[in-house]
file protein_1.pdb (PDB, N, CA and C atoms)
ATOM      1  N   MET A1028      -5.480  10.416   9.401
ATOM      2  CA  MET A1028      -6.846  10.109   9.059
ATOM      3  C   MET A1028      -7.567   9.694  10.336
ATOM      4  N   HIS A1029      -8.762  10.179  10.470
ATOM      5  CA  HIS A1029      -9.558   9.847  11.643
ATOM      6  C   HIS A1029     -10.723   8.968  11.212
ATOM      7  N   HIS A1030     -11.070   8.057  12.066
ATOM      8  CA  HIS A1030     -12.174   7.152  11.775
ATOM      9  C   HIS A1030     -13.334   7.446  12.706
ATOM     10  N   THR A1031     -14.521   7.161  12.237
ATOM     11  CA  THR A1031     -15.718   7.323  13.052
ATOM     12  C   THR A1031     -16.441   5.988  13.119
ATOM     13  N   GLU A1032     -17.501   5.963  13.907
ATOM     14  CA  GLU A1032     -18.276   4.720  14.003
ATOM     15  C   GLU A1032     -18.988   4.406  12.690
ATOM     16  N   ASN A1033     -19.050   5.374  11.783
ATOM     17  CA  ASN A1033     -19.664   5.150  10.469
ATOM     18  C   ASN A1033     -18.715   4.492   9.477
ATOM     19  N   ASP A1034     -17.447   4.335   9.834
ATOM     20  CA  ASP A1034     -16.473   3.706   8.942
ATOM     21  C   ASP A1034     -16.610   2.187   9.045
ATOM     22  N   THR A1035     -17.468   1.642   8.210
ATOM     23  CA  THR A1035     -17.704   0.199   8.216
ATOM     24  C   THR A1035     -17.593  -0.331   6.791
ATOM     25  N   LEU A1036     -17.455  -1.632   6.670
ATOM     26  CA  LEU A1036     -17.385  -2.242   5.338
ATOM     27  C   LEU A1036     -18.680  -2.076   4.556
ATOM     28  N   LEU A1037     -19.771  -1.827   5.259
ATOM     29  CA  LEU A1037     -21.038  -1.620   4.554
ATOM     30  C   LEU A1037     -21.025  -0.333   3.735
ATOM     31  N   LYS A1038     -20.152   0.594   4.081
ATOM     32  CA  LYS A1038     -20.086   1.881   3.378
ATOM     33  C   LYS A1038     -18.975   1.923   2.332
ATOM     34  N   VAL A1039     -18.242   0.831   2.173
ATOM     35  CA  VAL A1039     -17.137   0.787   1.216
ATOM     36  C   VAL A1039     -17.683   0.512  -0.180
ATOM     37  N   ASP A1040     -17.188   1.268  -1.148
ATOM     38  CA  ASP A1040     -17.551   1.038  -2.547
ATOM     39  C   ASP A1040     -16.728  -0.150  -3.044
ATOM     40  N   PRO A1041     -17.361  -1.282  -3.361
ATOM     41  CA  PRO A1041     -16.621  -2.482  -3.761
ATOM     42  C   PRO A1041     -15.706  -2.268  -4.966
ATOM     43  N   THR A1042     -16.111  -1.435  -5.910
ATOM     44  CA  THR A1042     -15.278  -1.184  -7.088
ATOM     45  C   THR A1042     -14.000  -0.459  -6.693
ATOM     46  N   VAL A1043     -14.117   0.547  -5.843
ATOM     47  CA  VAL A1043     -12.943   1.291  -5.380
ATOM     48  C   VAL A1043     -12.036   0.375  -4.561
ATOM     49  N   LEU A1044     -12.621  -0.466  -3.719
ATOM     50  CA  LEU A1044     -11.829  -1.409  -2.929
ATOM     51  C   LEU A1044     -11.080  -2.373  -3.841
ATOM     52  N   ASP A1045     -11.746  -2.904  -4.855
ATOM     53  CA  ASP A1045     -11.090  -3.818  -5.802
ATOM     54  C   ASP A1045      -9.915  -3.145  -6.508
ATOM     55  N   GLN A1046     -10.110  -1.897  -6.923
ATOM     56  CA  GLN A1046      -9.035  -1.169  -7.605
ATOM     57  C   GLN A1046      -7.864  -0.908  -6.662
ATOM     58  N   SER A1047      -8.161  -0.568  -5.413
ATOM     59  CA  SER A1047      -7.098  -0.312  -4.437
ATOM     60  C   SER A1047      -6.306  -1.577  -4.145
ATOM     61  N   VAL A1048      -6.998  -2.688  -3.974
ATOM     62  CA  VAL A1048      -6.325  -3.961  -3.718
ATOM     63  C   VAL A1048      -5.450  -4.340  -4.907
ATOM     64  N   ALA A1049      -5.956  -4.162  -6.112
ATOM     65  CA  ALA A1049      -5.178  -4.489  -7.309
ATOM     66  C   ALA A1049      -3.930  -3.619  -7.408
ATOM     67  N   ALA A1050      -4.052  -2.339  -7.098
ATOM     68  CA  ALA A1050      -2.900  -1.435  -7.171
ATOM     69  C   ALA A1050      -1.837  -1.813  -6.147
ATOM     70  N   PHE A1051      -2.239  -2.076  -4.908
ATOM     71  CA  PHE A1051      -1.272  -2.455  -3.879
ATOM     72  C   PHE A1051      -0.649  -3.815  -4.171
ATOM     73  N   ALA A1052      -1.437  -4.763  -4.666
ATOM     74  CA  ALA A1052      -0.896  -6.083  -4.998
ATOM     75  C   ALA A1052       0.115  -5.981  -6.139
ATOM     76  N   THR A1053      -0.179  -5.158  -7.131
ATOM     77  CA  THR A1053       0.755  -4.966  -8.243
ATOM     78  C   THR A1053       2.049  -4.335  -7.766
ATOM     79  N   ALA A1054       1.943  -3.307  -6.926
ATOM     80  CA  ALA A1054       3.145  -2.649  -6.399
ATOM     81  C   ALA A1054       3.977  -3.621  -5.571
ATOM     82  N   ALA A1055       3.335  -4.436  -4.751
ATOM     83  CA  ALA A1055       4.062  -5.409  -3.934
ATOM     84  C   ALA A1055       4.747  -6.452  -4.815
ATOM     85  N   TYR A1056       4.051  -6.928  -5.850
ATOM     86  CA  TYR A1056       4.637  -7.912  -6.759
ATOM     87  C   TYR A1056       5.848  -7.328  -7.481
ATOM     88  N   LEU A1057       5.706  -6.124  -7.999
ATOM     89  CA  LEU A1057       6.817  -5.499  -8.722
ATOM     90  C   LEU A1057       8.012  -5.260  -7.803
ATOM     91  N   ALA A1058       7.763  -4.837  -6.580
ATOM     92  CA  ALA A1058       8.860  -4.621  -5.631
ATOM     93  C   ALA A1058       9.548  -5.938  -5.287
ATOM     94  N   ALA A1059       8.768  -7.007  -5.169
ATOM     95  CA  ALA A1059       9.335  -8.301  -4.787
ATOM     96  C   ALA A1059      10.125  -8.947  -5.916
ATOM     97  N   THR A1060       9.777  -8.642  -7.153
ATOM     98  CA  THR A1060      10.426  -9.318  -8.277
ATOM     99  C   THR A1060      11.443  -8.452  -9.012
ATOM    100  N   MET A1061      11.645  -7.212  -8.570
ATOM    101  CA  MET A1061      12.587  -6.340  -9.280
ATOM    102  C   MET A1061      14.029  -6.755  -9.017
ATOM    103  N   GLN A1062      14.884  -6.420  -9.954
ATOM    104  CA  GLN A1062      16.313  -6.668  -9.788
ATOM    105  C   GLN A1062      16.868  -5.646  -8.802
ATOM    106  N   GLY A1063      17.831  -6.058  -7.992
ATOM    107  CA  GLY A1063      18.440  -5.130  -7.045
ATOM    108  C   GLY A1063      17.590  -4.940  -5.809
ATOM    109  N   ASP A1064      17.839  -3.835  -5.138
ATOM    110  CA  ASP A1064      17.086  -3.540  -3.926
ATOM    111  C   ASP A1064      16.841  -2.040  -3.843
ATOM    112  N   PHE A1065      16.273  -1.604  -2.759
ATOM    113  CA  PHE A1065      15.951  -0.195  -2.586
ATOM    114  C   PHE A1065      17.102   0.594  -1.966
ATOM    115  N   GLY A1066      18.200  -0.084  -1.662
ATOM    116  CA  GLY A1066      19.326   0.598  -1.036
ATOM    117  C   GLY A1066      19.104   0.786   0.458
ATOM    118  N   ARG A1067      20.045   1.458   1.070
ATOM    119  CA  ARG A1067      19.955   1.686   2.510
ATOM    120  C   ARG A1067      19.920   3.178   2.786
ATOM    121  N   LEU A1068      19.273   3.532   3.869
ATOM    122  CA  LEU A1068      19.308   4.917   4.318
ATOM    123  C   LEU A1068      20.658   5.185   4.952
ATOM    124  N   PRO A1069      21.219   6.359   4.746
ATOM    125  CA  PRO A1069      22.492   6.659   5.405
ATOM    126  C   PRO A1069      22.309   6.686   6.921
ATOM    127  N   SER A1070      23.324   6.236   7.636
ATOM    128  CA  SER A1070      23.232   6.274   9.095
ATOM    129  C   SER A1070      23.282   7.724   9.552
ATOM    130  N   SER A1071      22.889   7.972  10.771
ATOM    131  CA  SER A1071      22.830   9.345  11.274
ATOM    132  C   SER A1071      24.209   9.982  11.360
ATOM    133  N   GLY A1072      25.289   9.181  11.326
ATOM    134  CA  GLY A1072      26.645   9.699  11.392
ATOM    135  C   GLY A1072      27.186  10.177  10.056
ATOM    136  N   GLU A1073      26.463   9.960   8.972
ATOM    137  CA  GLU A1073      26.963  10.347   7.636
ATOM    138  C   GLU A1073      26.462  11.703   7.221
TER
END

call {"tool": "encode", "arguments": {"input": "protein_1.pdb", "output": "structure tokens"}}
result
Amino acid sequence: MHHTENDTLLKVDPTVLDQSVAAFATAAYLAATMQGDFGRLPSSGE
């Protein structure tokens, strides 16, 4: 993604920002409180 000088908070749709923040916060909460873990990536030798 490329940004321009027009990418400012004045151009952000507050409703879309609120929804995005809620989605990321929910995902972070669920990941933090889930049982178990995400596992490990196999090492390059496997």

call {"tool": "atom_distance", "arguments": {"input": "protein_1.pdb", "atom1": "atom N of A:Ala1058", "atom2": "atom CA of A:Val1039"}}
result
26.7 Å

call {"tool": "select_by_dssp", "arguments": {"input": "protein_1.pdb", "residues": "stretch 1041-1071 of chain A", "states": "helix (DSSP H, G or I)", "output": "MDAnalysis selection string"}}
result
chainID A and resid 1041:1060

call {"tool": "atom_distance", "arguments": {"input": "protein_1.pdb", "atom1": "atom N of A:Leu1037", "atom2": "atom N of A:Thr1053"}}
result
23.4 Å

call {"tool": "axis_aligned_box", "arguments": {"input": "protein_1.pdb", "around": "stretch 1050-1057 of chain A", "padding_each_side": "4 Å", "output": "lines of an AutoDock Vina configuration file"}}
result
center_x = 2.0
center_y = -4.7
center_z = -6.3
size_x = 20.1
size_y = 14.5
size_z = 12.8

call {"tool": "atom_distance", "arguments": {"input": "protein_1.pdb", "atom1": "atom N of A:Ala1049", "atom2": "atom C of A:Thr1035"}}
result
17.8 Å
